[in-house]
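A.B. asks: What follows is start-v7.tsv, TSV, C-alpha atoms.
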```tsv
chain	number	residue	atom	x	y	z
A	2	MET	CA	-3.37	18.38	6.14
A	3	SER	CA	-3.75	18.75	2.36
A	4	ALA	CA	-0.79	19.75	0.24
A	5	PRO	CA	-1.02	23.37	-1.00
A	6	GLY	CA	-2.35	24.27	-4.41
A	7	PRO	CA	-5.57	25.40	-6.08
A	8	PRO	CA	-8.77	24.38	-4.32
A	9	PRO	CA	-10.19	20.93	-5.07
A	10	LEU	CA	-13.67	20.39	-6.49
A	11	GLY	CA	-16.45	21.20	-4.05
A	12	PRO	CA	-19.53	19.20	-3.04
A	13	GLY	CA	-21.98	18.73	-5.89
A	14	ALA	CA	-19.41	19.30	-8.65
A	15	GLU	CA	-19.35	16.79	-11.48
A	16	ILE	CA	-15.96	15.11	-11.36
A	17	ALA	CA	-16.80	12.86	-14.34
A	18	PRO	CA	-19.98	12.10	-16.30
A	19	GLY	CA	-22.37	10.43	-13.85
A	20	TYR	CA	-20.18	11.11	-10.81
A	21	ARG	CA	-20.67	13.98	-8.35
A	22	VAL	CA	-18.43	15.04	-5.49
A	23	ILE	CA	-19.70	14.45	-1.97
A	24	ALA	CA	-16.51	15.57	-0.23
A	25	HIS	CA	-12.81	16.03	-0.83
A	26	LEU	CA	-10.92	13.43	1.22
A	27	SER	CA	-7.22	14.02	0.71
A	28	ARG	CA	-4.57	15.62	-1.46
A	29	GLY	CA	-1.10	14.40	-2.36
A	30	ARG	CA	1.65	15.74	-4.56
A	31	THR	CA	-0.19	14.83	-7.76
A	32	LEU	CA	-3.65	13.53	-6.86
A	33	ASP	CA	-6.90	14.50	-5.18
A	34	VAL	CA	-9.10	11.80	-3.66
A	35	TYR	CA	-12.84	12.33	-3.39
A	36	ASP	CA	-15.85	10.70	-1.82
A	37	ALA	CA	-18.23	10.66	-4.80
A	38	TRP	CA	-21.73	9.54	-5.81
A	39	SER	CA	-22.30	7.28	-8.79
A	40	ASP	CA	-25.62	7.93	-10.52
A	41	VAL	CA	-25.42	4.65	-12.45
A	42	ARG	CA	-24.70	2.50	-9.39
A	43	ALA	CA	-26.72	4.66	-6.96
A	44	THR	CA	-23.95	4.34	-4.40
A	45	ARG	CA	-20.93	6.09	-3.00
A	46	CYS	CA	-17.51	5.42	-4.45
A	47	ILE	CA	-13.97	6.73	-4.29
A	48	ALA	CA	-12.66	8.87	-7.16
A	49	LYS	CA	-8.98	9.66	-7.72
A	50	ALA	CA	-8.12	12.51	-10.07
A	51	LEU	CA	-5.12	14.63	-10.94
A	52	ARG	CA	-4.90	17.86	-9.00
A	53	PRO	CA	-6.01	20.88	-11.06
A	54	ASP	CA	-2.41	22.11	-11.19
A	55	ARG	CA	-1.05	18.70	-12.28
A	56	ARG	CA	-3.33	17.95	-15.24
A	57	ASP	CA	-0.48	18.59	-17.68
A	58	ASP	CA	1.76	16.12	-15.84
A	59	ARG	CA	1.90	13.33	-18.40
A	60	ALA	CA	3.83	10.95	-16.16
A	61	ALA	CA	1.31	11.33	-13.33
A	62	ALA	CA	-1.57	10.89	-15.79
A	63	ARG	CA	0.01	7.74	-17.17
A	64	ARG	CA	0.47	6.31	-13.68
A	65	LEU	CA	-3.12	7.05	-12.74
A	66	VAL	CA	-4.50	5.38	-15.88
A	67	THR	CA	-2.23	2.37	-15.33
A	68	GLU	CA	-3.43	2.05	-11.74
A	69	GLY	CA	-7.07	2.29	-12.77
A	70	ARG	CA	-6.78	-0.28	-15.53
A	71	LEU	CA	-4.91	-2.63	-13.23
A	72	ILE	CA	-7.42	-2.60	-10.38
A	73	ARG	CA	-10.27	-3.05	-12.86
A	74	ARG	CA	-8.64	-6.29	-14.03
A	75	LEU	CA	-7.88	-7.63	-10.57
A	76	ALA	CA	-10.46	-9.73	-8.73
A	77	HIS	CA	-9.37	-10.69	-5.24
A	78	PRO	CA	-11.16	-10.38	-1.87
A	79	HIS	CA	-8.14	-8.66	-0.32
A	80	ILE	CA	-7.54	-6.05	-3.03
A	81	VAL	CA	-9.68	-2.95	-3.53
A	82	ARG	CA	-12.03	-3.27	-6.49
A	83	GLY	CA	-11.83	-0.83	-9.40
A	84	TYR	CA	-15.02	0.24	-11.22
A	85	GLU	CA	-14.06	2.51	-14.08
A	86	VAL	CA	-11.33	4.62	-15.69
A	87	VAL	CA	-12.68	7.88	-17.13
A	88	THR	CA	-10.43	9.87	-19.47
A	89	GLU	CA	-12.69	12.82	-20.43
A	90	PRO	CA	-13.02	15.63	-19.51
A	91	ARG	CA	-10.39	14.67	-16.93
A	92	ILE	CA	-8.73	11.41	-15.90
A	93	VAL	CA	-10.59	9.85	-12.99
A	94	VAL	CA	-10.21	6.39	-11.49
A	95	VAL	CA	-13.35	5.17	-9.74
A	96	MET	CA	-13.23	2.38	-7.15
A	97	GLU	CA	-15.25	0.87	-4.35
A	98	THR	CA	-15.72	2.67	-1.06
A	99	LEU	CA	-14.23	0.83	1.91
A	100	THR	CA	-15.88	1.69	5.20
A	101	GLY	CA	-13.29	0.25	7.57
A	102	ALA	CA	-10.30	1.91	9.22
A	103	THR	CA	-6.76	1.79	7.94
A	104	LEU	CA	-4.32	-0.52	9.67
A	105	ALA	CA	-2.29	2.59	10.55
A	106	HIS	CA	-5.26	3.92	12.53
A	107	LEU	CA	-5.88	0.56	14.22
A	108	ILE	CA	-2.24	0.31	15.28
A	109	ASP	CA	-2.33	3.84	16.70
A	110	GLU	CA	-5.49	3.07	18.65
A	111	ALA	CA	-4.65	-0.49	19.73
A	112	ASP	CA	-4.49	-0.87	23.51
A	113	PRO	CA	-3.21	-3.45	24.17
A	114	ARG	CA	-1.41	-4.22	20.91
A	115	LEU	CA	-3.00	-6.41	18.27
A	116	PRO	CA	-3.23	-10.09	19.28
A	117	VAL	CA	-0.80	-12.42	17.53
A	118	THR	CA	-3.68	-14.32	15.89
A	119	ASP	CA	-4.95	-11.03	14.40
A	120	VAL	CA	-1.47	-10.22	13.12
A	121	ALA	CA	-1.28	-13.68	11.54
A	122	HIS	CA	-4.68	-13.29	9.85
A	123	LEU	CA	-3.60	-9.88	8.58
A	124	GLY	CA	-0.44	-11.41	7.16
A	125	LEU	CA	-2.40	-14.21	5.49
A	126	HIS	CA	-4.75	-11.74	3.81
A	127	LEU	CA	-1.94	-9.53	2.54
A	128	ALA	CA	0.22	-12.46	1.46
A	129	ALA	CA	-2.69	-13.88	-0.51
A	130	ALA	CA	-3.21	-10.50	-2.17
A	131	ILE	CA	0.41	-10.01	-3.19
A	132	ARG	CA	0.78	-13.61	-4.39
A	133	TYR	CA	-2.24	-13.05	-6.65
A	134	LEU	CA	-0.77	-9.73	-7.80
A	135	HIS	CA	2.59	-11.36	-8.54
A	136	GLY	CA	0.83	-14.09	-10.46
A	137	ALA	CA	-0.68	-11.38	-12.66
A	138	GLY	CA	2.82	-10.06	-13.35
A	139	TRP	CA	2.81	-7.01	-11.06
A	140	LEU	CA	4.52	-5.78	-7.90
A	141	HIS	CA	2.76	-3.49	-5.42
A	142	LEU	CA	5.92	-1.79	-4.04
A	143	ASP	CA	4.10	0.31	-1.44
A	144	LEU	CA	2.97	-2.00	1.34
A	145	LYS	CA	2.45	0.02	4.50
A	146	PRO	CA	-0.22	0.26	7.23
A	147	SER	CA	-1.93	3.27	5.63
A	148	ASN	CA	-2.43	1.22	2.44
A	149	VAL	CA	-4.33	-1.53	4.25
A	150	VAL	CA	-7.99	-1.16	5.19
A	151	ALA	CA	-9.63	-3.49	7.71
A	152	GLU	CA	-13.28	-4.03	6.84
A	153	ALA	CA	-15.51	-6.59	8.57
A	154	GLY	CA	-12.52	-8.68	9.63
A	155	ARG	CA	-10.96	-8.65	6.18
A	156	ALA	CA	-7.80	-6.78	5.22
A	157	LYS	CA	-7.87	-5.05	1.84
A	158	LEU	CA	-4.83	-3.73	0.03
A	159	ILE	CA	-5.31	-0.34	-1.61
A	160	ASP	CA	-3.32	2.18	-3.69
A	161	MET	CA	-1.70	0.61	-6.74
A	162	SER	CA	-0.20	3.94	-7.80
A	163	LEU	CA	3.36	2.59	-7.61
A	164	ALA	CA	2.64	-0.87	-9.04
A	165	ARG	CA	5.01	-1.91	-11.80
A	166	ARG	CA	6.31	-4.99	-13.55
A	167	PRO	CA	9.32	-6.82	-12.06
A	168	GLY	CA	12.61	-5.55	-13.43
A	169	ARG	CA	14.73	-2.44	-13.24
A	170	CYS	CA	13.32	0.30	-11.02
A	171	PRO	CA	14.61	3.85	-10.36
A	172	ALA	CA	15.99	4.55	-6.90
A	173	GLY	CA	13.49	5.74	-4.31
A	174	VAL	CA	10.21	4.50	-5.79
A	175	GLY	CA	8.09	3.81	-2.72
A	176	THR	CA	7.40	5.26	0.71
A	177	TRP	CA	10.82	5.94	2.13
A	178	CYS	CA	10.75	3.95	5.40
A	179	TYR	CA	8.65	1.07	3.99
A	180	MET	CA	10.49	0.37	0.74
A	181	ALA	CA	12.82	-2.61	0.45
A	182	PRO	CA	16.55	-1.81	0.34
A	183	GLU	CA	16.69	-2.65	-3.38
A	184	GLN	CA	13.91	-0.11	-4.01
A	185	ALA	CA	15.83	2.52	-2.09
A	186	ARG	CA	19.06	1.83	-3.99
A	187	GLY	CA	17.43	1.34	-7.37
A	188	GLY	CA	18.05	-1.60	-9.68
A	189	ILE	CA	16.30	-4.90	-10.21
A	190	VAL	CA	13.20	-5.48	-8.07
A	191	GLY	CA	11.07	-8.59	-7.89
A	192	PRO	CA	8.50	-10.28	-5.63
A	193	ALA	CA	11.00	-10.21	-2.73
A	194	ALA	CA	10.52	-6.43	-2.51
A	195	ASP	CA	6.86	-6.94	-1.59
A	196	VAL	CA	7.85	-9.66	0.91
A	197	TRP	CA	10.05	-7.04	2.58
A	198	GLY	CA	7.12	-4.62	2.61
A	199	LEU	CA	4.90	-7.31	4.14
A	200	GLY	CA	7.54	-7.87	6.82
A	201	ALA	CA	7.56	-4.15	7.59
A	202	VAL	CA	3.77	-4.17	7.98
A	203	LEU	CA	3.84	-7.23	10.25
A	204	TYR	CA	6.65	-5.69	12.32
A	205	GLU	CA	4.56	-2.57	12.95
A	206	ALA	CA	1.35	-4.52	13.57
A	207	THR	CA	3.19	-6.67	16.12
A	208	THR	CA	5.20	-4.04	17.98
A	209	GLY	CA	3.12	-0.89	17.48
A	210	GLN	CA	6.20	0.84	16.06
A	211	ALA	CA	7.47	1.26	12.53
A	212	ALA	CA	10.53	-0.82	11.71
A	213	PHE	CA	12.29	2.39	10.67
A	214	ASP	CA	11.58	6.00	11.63
A	215	PRO	CA	8.68	7.16	9.41
A	216	ASP	CA	9.76	10.80	9.59
A	217	PRO	CA	12.57	11.85	7.20
A	218	PRO	CA	15.42	13.72	8.91
A	219	PRO	CA	15.12	17.52	8.74
A	220	GLY	CA	16.47	19.01	5.56
A	221	SER	CA	16.45	15.76	3.58
A	222	PRO	CA	16.02	16.62	-0.10
A	223	PRO	CA	13.33	14.94	-2.18
A	224	PRO	CA	14.39	12.43	-4.84
A	225	PRO	CA	14.76	13.43	-8.49
A	226	PRO	CA	11.34	13.85	-10.18
A	227	SER	CA	12.03	10.87	-12.45
A	228	ALA	CA	12.26	8.60	-9.41
A	229	SER	CA	9.24	9.97	-7.63
A	230	SER	CA	5.88	8.42	-8.37
A	231	GLY	CA	4.15	8.53	-5.00
A	232	ASP	CA	2.50	11.26	-3.02
A	233	ASP	CA	5.25	12.01	-0.49
A	234	ASP	CA	8.58	13.75	-0.84
A	235	ARG	CA	11.34	11.26	-0.06
A	236	PRO	CA	14.95	11.76	1.04
A	237	ARG	CA	17.96	10.31	-0.73
A	238	THR	CA	19.20	8.53	2.40
A	239	TYR	CA	17.33	5.52	3.75
A	240	PRO	CA	17.64	3.95	7.21
A	241	GLN	CA	16.96	0.43	5.87
A	242	LEU	CA	20.30	0.61	4.05
A	243	ASP	CA	22.13	0.95	7.38
A	244	GLY	CA	21.08	-2.38	8.91
A	245	PRO	CA	18.09	-4.26	10.36
A	246	PRO	CA	15.48	-2.69	12.64
A	247	ALA	CA	15.40	-3.13	16.41
A	248	PRO	CA	14.58	-6.77	17.28
A	249	VAL	CA	10.88	-7.49	17.64
A	250	ARG	CA	11.47	-9.24	20.97
A	251	ARG	CA	12.97	-6.04	22.42
A	252	LEU	CA	9.60	-4.35	21.91
A	253	ARG	CA	7.17	-7.19	22.64
A	254	ARG	CA	7.17	-10.77	23.85
A	255	THR	CA	6.20	-12.60	20.68
A	256	PRO	CA	6.11	-16.28	19.63
A	257	ARG	CA	9.41	-17.31	18.09
A	258	PRO	CA	7.86	-18.46	14.77
A	259	LEU	CA	6.43	-14.97	14.16
A	260	VAL	CA	9.69	-13.26	15.16
A	261	ASP	CA	11.66	-15.54	12.83
A	262	LEU	CA	9.25	-14.89	9.97
A	263	ILE	CA	9.39	-11.10	10.33
A	264	ASP	CA	13.19	-11.21	10.55
A	265	ALA	CA	13.35	-13.36	7.41
A	266	CYS	CA	11.04	-11.03	5.47
A	267	LEU	CA	13.19	-8.03	6.45
A	268	ASP	CA	16.47	-9.65	5.42
A	269	PRO	CA	18.50	-7.05	3.48
A	270	ASP	CA	19.35	-9.70	0.86
A	271	PRO	CA	16.33	-10.36	-1.40
A	272	SER	CA	17.57	-13.87	-2.19
A	273	ARG	CA	17.34	-14.85	1.50
A	274	ARG	CA	13.75	-13.70	2.01
A	275	PRO	CA	11.04	-16.38	1.99
A	276	ALA	CA	8.74	-16.82	-0.98
A	277	VAL	CA	5.17	-15.66	-0.47
A	278	GLY	CA	3.92	-19.24	-0.31
A	279	ALA	CA	6.35	-19.97	2.53
A	280	VAL	CA	5.09	-16.87	4.36
A	281	ILE	CA	1.54	-18.19	4.09
A	282	GLY	CA	2.63	-21.59	5.36
A	283	ALA	CA	4.35	-20.03	8.38
A	284	LEU	CA	1.36	-17.84	9.25
A	285	GLU	CA	-1.39	-20.46	9.03
A	286	PRO	CA	-0.62	-22.21	12.36
A	287	LEU	CA	-0.12	-18.83	14.06
A	288	ALA	CA	-3.62	-17.85	12.90
A	289	GLY	CA	-5.01	-20.98	14.56
A	290	LEU	CA	-6.16	-22.57	11.31
A	291	PRO	CA	-6.76	-26.32	11.61
A	292	PRO	CA	-4.71	-28.51	9.26
A	293	ALA	CA	-7.70	-29.12	6.97
A	294	GLU	CA	-7.89	-25.39	6.22
A	295	ARG	CA	-4.20	-24.94	5.47
A	296	ARG	CA	-4.39	-24.78	1.69
A	297	PHE	CA	-1.14	-23.14	0.75
A	298	SER	CA	1.54	-24.58	3.02
```
For the structure just supplied, provide its representation as structure tokens.
C.D. replies:
Amino acid sequence: MSAPGPPPLGPGAEIAPGYRVIAHLSRGRTLDVYDAWSDVRATRCIAKALRPDRRDDRAAARRLVTEGRLIRRLAHPHIVRGYEVVTEPRIVVVMETLTGATLAHLIDEADPRLPVTDVAHLGLHLAAAIRYLHGAGWLHLDLKPSNVVAEAGRAKLIDMSLARRPGRCPAGVGTWCYMAPEQARGGIVGPAADVWGLGAVLYEATTGQAAFDPDPPPGSPPPPPSASSGDDDRPRTYPQLDGPPAPVRRLRRTPRPLVDLIDACLDPDPSRRPAVGAVIGALEPLAGLPPAERRFS
């Protein structure tokens, strides 16, 4: 269900020069997402724009422009591709249309649960994406199943709206049950925060359940506006600060190497989590790759 507010643009409306709305897809606290048509490319695309009632929100506008410029610079098979950042008459970020389903949907529909080899391939794709992103000097900080799209056997990471440089970060930047403990507390964040997020995704892909309850407790207040840069209200208390999640083996019989890797990624201490390269090395044999194809171990 869309968040309340003034109506979004309707079909046929020009959202930016050369781009027309096909349909409104979703609404968050600050953004509307549209299925749009590009006259120049003669193809569908995705367009993200500020909600009509948030166009004077300078912080949200700055985040949207930053996201658009970042995905335009990135070139990786497991990261959504950005096409253009339009600033007049409104700020619009245009990116490729992905036709696959989100990992969140696949997990909900999986019966039986995803095979271990599929989980390992998923982890390899996402680890490759975040290692590339880290190499460019950025953190994603919002890894979760709804931000992963599976298309033709390839996982693609989407939504760079929370991406920032390593360093000091306000408390609560992220999606509340998927953010690393150091994101929840606030302070210095680095690549280990995305390793934690990757562990949370692999946990859910393996067990079919989120590592921590995805629904905030009733009555939980949202964070201060200065700490909020996503599309969901978030509480000020976080279950990942209270201890580790339920053991993977309690929920599913799983090969020990995968269990150990997920546990290591979800270690509360960032210094004890594996580096992304070590994650890749641990996942390659689980994905059934022959030694000749193991490039990063």
A.B. asks: How close does each residue of range 23-65 of chain A get to range 145-168 of chain A, giving the shortest atom pair and distance in Å to one decimal for every residue with an atom at most 10 Å away, counting all atoms listed in the file, sorted by chain and residue number, as JSON lines?
C.D. replies:
```
{"residue": "A:Ala61", "atom": "CA", "partner": "A:Ser162", "partner_atom": "CA", "distance": 9.4}
{"residue": "A:Arg64", "atom": "CA", "partner": "A:Ser162", "partner_atom": "CA", "distance": 6.4}
{"residue": "A:Leu65", "atom": "CA", "partner": "A:Ser162", "partner_atom": "CA", "distance": 6.5}
```
A.B. asks: Would you please work out which residue, of A:Ala17, A:Ala276, A:Val174, A:Ile281, is nearest to Leu142 in chain A when using only C-alpha atoms?
C.D. replies: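 Nearest candidate to Leu142 in chain A out of A:Ala17, A:Ala276, A:Val174, A:Ile281: A:Val174.
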A.B. asks: Using only C-alpha atoms, determine which residues lie at most 7 Å from Tyr239 in chain A, disregarding the query and same-chain residues fewer than 2 positions distant; provide the list as a PDB file with C-alpha atoms, in the frame of the given file.
C.D. replies:
```pdb
ATOM      1  CA  TRP A 177      10.820   5.940   2.130  1.00  0.00           C
ATOM      2  CA  CYS A 178      10.750   3.950   5.400  1.00  0.00           C
ATOM      3  CA  ALA A 185      15.830   2.520  -2.090  1.00  0.00           C
ATOM      4  CA  ARG A 237      17.960  10.310  -0.730  1.00  0.00           C
ATOM      5  CA  GLN A 241      16.960   0.430   5.870  1.00  0.00           C
ATOM      6  CA  LEU A 242      20.300   0.610   4.050  1.00  0.00           C
TER       7      LEU A 242
END
```
A.B. asks: Using all atoms listed in the file, which protein or nucleic acid residues come within 10 Å of Ala201 in chain A? Drop anything in the same chain fewer than 4 positions from it, and give the result as number ranges by chain.
C.D. replies: A: 144-146, 178-181, 195-197, 205-207, 210-213, 246, 263-264, 266-267
A.B. asks: List the neighbours of Arg55 in chain A out to 9 Å using all atoms listed in the file; skip same-chain residues closer than 4 positions along the sequence, and give me the result as a list in words.
C.D. replies: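 Skipping anything fewer than 4 positions along the chain leaves Arg30, Thr31, Leu32, Leu51, Arg59, Ala61 and Ala62 of chain A.
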A.B. asks: Taking (-0.4, 0.6, 15.0) in the file's own coordinates, collect the residues within 7 Å, counting all atoms listed in the file, and hand them back as a PDB file with C-alpha atoms, keeping the file's coordinate frame.
C.D. replies:
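Generated file (result37.pdb):
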```pdb
ATOM      1  CA  LEU A 104      -4.320  -0.520   9.670  1.00  0.00           C
ATOM      2  CA  ALA A 105      -2.290   2.590  10.550  1.00  0.00           C
ATOM      3  CA  HIS A 106      -5.260   3.920  12.530  1.00  0.00           C
ATOM      4  CA  LEU A 107      -5.880   0.560  14.220  1.00  0.00           C
ATOM      5  CA  ILE A 108      -2.240   0.310  15.280  1.00  0.00           C
ATOM      6  CA  ASP A 109      -2.330   3.840  16.700  1.00  0.00           C
ATOM      7  CA  GLU A 110      -5.490   3.070  18.650  1.00  0.00           C
ATOM      8  CA  ALA A 111      -4.650  -0.490  19.730  1.00  0.00           C
ATOM      9  CA  GLU A 205       4.560  -2.570  12.950  1.00  0.00           C
ATOM     10  CA  ALA A 206       1.350  -4.520  13.570  1.00  0.00           C
ATOM     11  CA  GLY A 209       3.120  -0.890  17.480  1.00  0.00           C
ATOM     12  CA  GLN A 210       6.200   0.840  16.060  1.00  0.00           C
TER      13      GLN A 210
END
```
A.B. asks: Would you mind reading off the distance between CA of Pro269 in chain A and CA of Gln184 in chain A, one decimal, in Å?
C.D. replies: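 We find that CA of Pro269 in chain A and CA of Gln184 in chain A lie 11.2 Å from each other.
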A.B. asks: Compare A:Pro78, A:Pro53, A:Gly289, A:Pro116 by their minimum atom-to-atom distance to Arg91 in chain A, counting all atoms listed in the file, and give me the closest one.
C.D. replies: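 Closest to Arg91 in chain A, using all atoms listed in the file: A:Pro53.
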A.B. asks: Near Val117 in chain A, counting only C-alpha atoms, which residues have an atom at most 9 Å away, once you skip same-chain residues fewer than 5 positions from it, shown as a PyMOL selection string?
C.D. replies: chain A and resi 122+207+255-256+259+287-288
A.B. asks: Residues at most 12 Å from Leu125 in chain A, counting all atoms listed in the file, excluding those fewer than 4 positions away in the same chain, as an MDAnalysis selection string?
C.D. replies: chainID A and resid 79 118:121 129:132 155:157 199:200 203 277:290 295:298
A.B. asks: Interatomic distance between CA of Thr100 in chain A and CA of Arg52 in chain A?
C.D. replies: 24.2 Å
A.B. asks: When you count only C-alpha atoms, which of these residues is closest to Arg273 in chain A: A:Ala194, A:Asp57, A:Arg70, A:Val260?
C.D. replies: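 Using only C-alpha atoms, Arg273 in chain A sits closest to A:Ala194.
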A.B. asks: Can you work out the spacing between CA of Asp268 in chain A and CA of Arg169 in chain A in Å, to one decimal?
C.D. replies: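 Going from CA of Asp268 in chain A over to CA of Arg169 in chain A, I get 20.1 Å.
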A.B. asks: Go through A:Lys49, A:Arg253, A:Arg274, A:Arg42 one by one, measure the shortest atom-to-atom distance of each to His25 in chain A using all atoms listed in the file, and give the residue with the smallest value.
C.D. replies: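 Of A:Lys49, A:Arg253, A:Arg274, A:Arg42, the one nearest His25 in chain A, counting all atoms listed in the file, is A:Lys49.
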A.B. asks: I need the residue nearest Thr98 in chain A from this list: A:Ile189, A:Arg45, A:Trp139, A:Leu252. Use all atoms listed in the file for the distance.
C.D. replies: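 That would be A:Arg45, the residue with the smallest distance to Thr98 in chain A.
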A.B. asks: Would you mind completing range 261-269 of chain A to all heavy atoms and writing the output as a CSV table (one decimal), in the coordinates of the input?
C.D. replies:
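Output file result-v3.csv is given in full below:
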```
chain,number,residue,atom,x,y,z
A,261,ASP,N,10.8,-15.0,13.9
A,261,ASP,CA,11.7,-15.5,12.8
A,261,ASP,C,11.1,-15.2,11.4
A,261,ASP,O,11.9,-14.9,10.5
A,261,ASP,CB,11.8,-17.1,13.0
A,261,ASP,CG,12.6,-17.5,14.2
A,261,ASP,OD1,13.2,-16.6,14.8
A,261,ASP,OD2,12.5,-18.7,14.6
A,262,LEU,N,9.8,-15.2,11.3
A,262,LEU,CA,9.2,-14.9,10.0
A,262,LEU,C,9.5,-13.4,9.6
A,262,LEU,O,9.9,-13.1,8.5
A,262,LEU,CB,7.8,-15.2,9.9
A,262,LEU,CG,7.0,-14.8,8.7
A,262,LEU,CD1,7.5,-15.6,7.5
A,262,LEU,CD2,5.5,-15.0,8.8
A,263,ILE,N,9.2,-12.5,10.6
A,263,ILE,CA,9.4,-11.1,10.3
A,263,ILE,C,10.9,-10.8,10.0
A,263,ILE,O,11.2,-10.1,9.1
A,263,ILE,CB,8.9,-10.3,11.5
A,263,ILE,CG1,7.4,-10.4,11.7
A,263,ILE,CG2,9.3,-8.8,11.4
A,263,ILE,CD1,6.8,-9.8,12.9
A,264,ASP,N,11.8,-11.4,10.8
A,264,ASP,CA,13.2,-11.2,10.6
A,264,ASP,C,13.6,-11.7,9.2
A,264,ASP,O,14.3,-11.0,8.4
A,264,ASP,CB,14.0,-12.0,11.6
A,264,ASP,CG,14.0,-11.3,13.0
A,264,ASP,OD1,13.6,-10.2,13.1
A,264,ASP,OD2,14.4,-12.0,13.9
A,265,ALA,N,13.0,-12.8,8.7
A,265,ALA,CA,13.4,-13.4,7.4
A,265,ALA,C,12.8,-12.5,6.3
A,265,ALA,O,13.5,-12.2,5.3
A,265,ALA,CB,12.8,-14.8,7.3
A,266,CYS,N,11.6,-11.9,6.5
A,266,CYS,CA,11.0,-11.0,5.5
A,266,CYS,C,11.8,-9.7,5.3
A,266,CYS,O,11.9,-9.2,4.2
A,266,CYS,CB,9.6,-10.7,5.8
A,266,CYS,SG,8.4,-12.1,5.6
A,267,LEU,N,12.4,-9.3,6.4
A,267,LEU,CA,13.2,-8.0,6.4
A,267,LEU,C,14.7,-8.2,6.2
A,267,LEU,O,15.5,-7.3,6.4
A,267,LEU,CB,13.0,-7.3,7.8
A,267,LEU,CG,11.5,-6.7,8.0
A,267,LEU,CD1,11.4,-6.2,9.4
A,267,LEU,CD2,11.2,-5.7,6.9
A,268,ASP,N,15.1,-9.4,5.7
A,268,ASP,CA,16.5,-9.6,5.4
A,268,ASP,C,16.9,-8.7,4.3
A,268,ASP,O,16.2,-8.5,3.3
A,268,ASP,CB,16.7,-11.1,4.9
A,268,ASP,CG,18.1,-11.5,4.9
A,268,ASP,OD1,18.9,-10.8,4.2
A,268,ASP,OD2,18.5,-12.5,5.6
A,269,PRO,N,18.0,-8.0,4.5
A,269,PRO,CA,18.5,-7.0,3.5
A,269,PRO,C,18.8,-7.7,2.1
A,269,PRO,O,18.7,-7.0,1.1
A,269,PRO,CB,19.8,-6.5,4.1
A,269,PRO,CG,19.7,-6.7,5.5
A,269,PRO,CD,18.9,-8.0,5.7
```
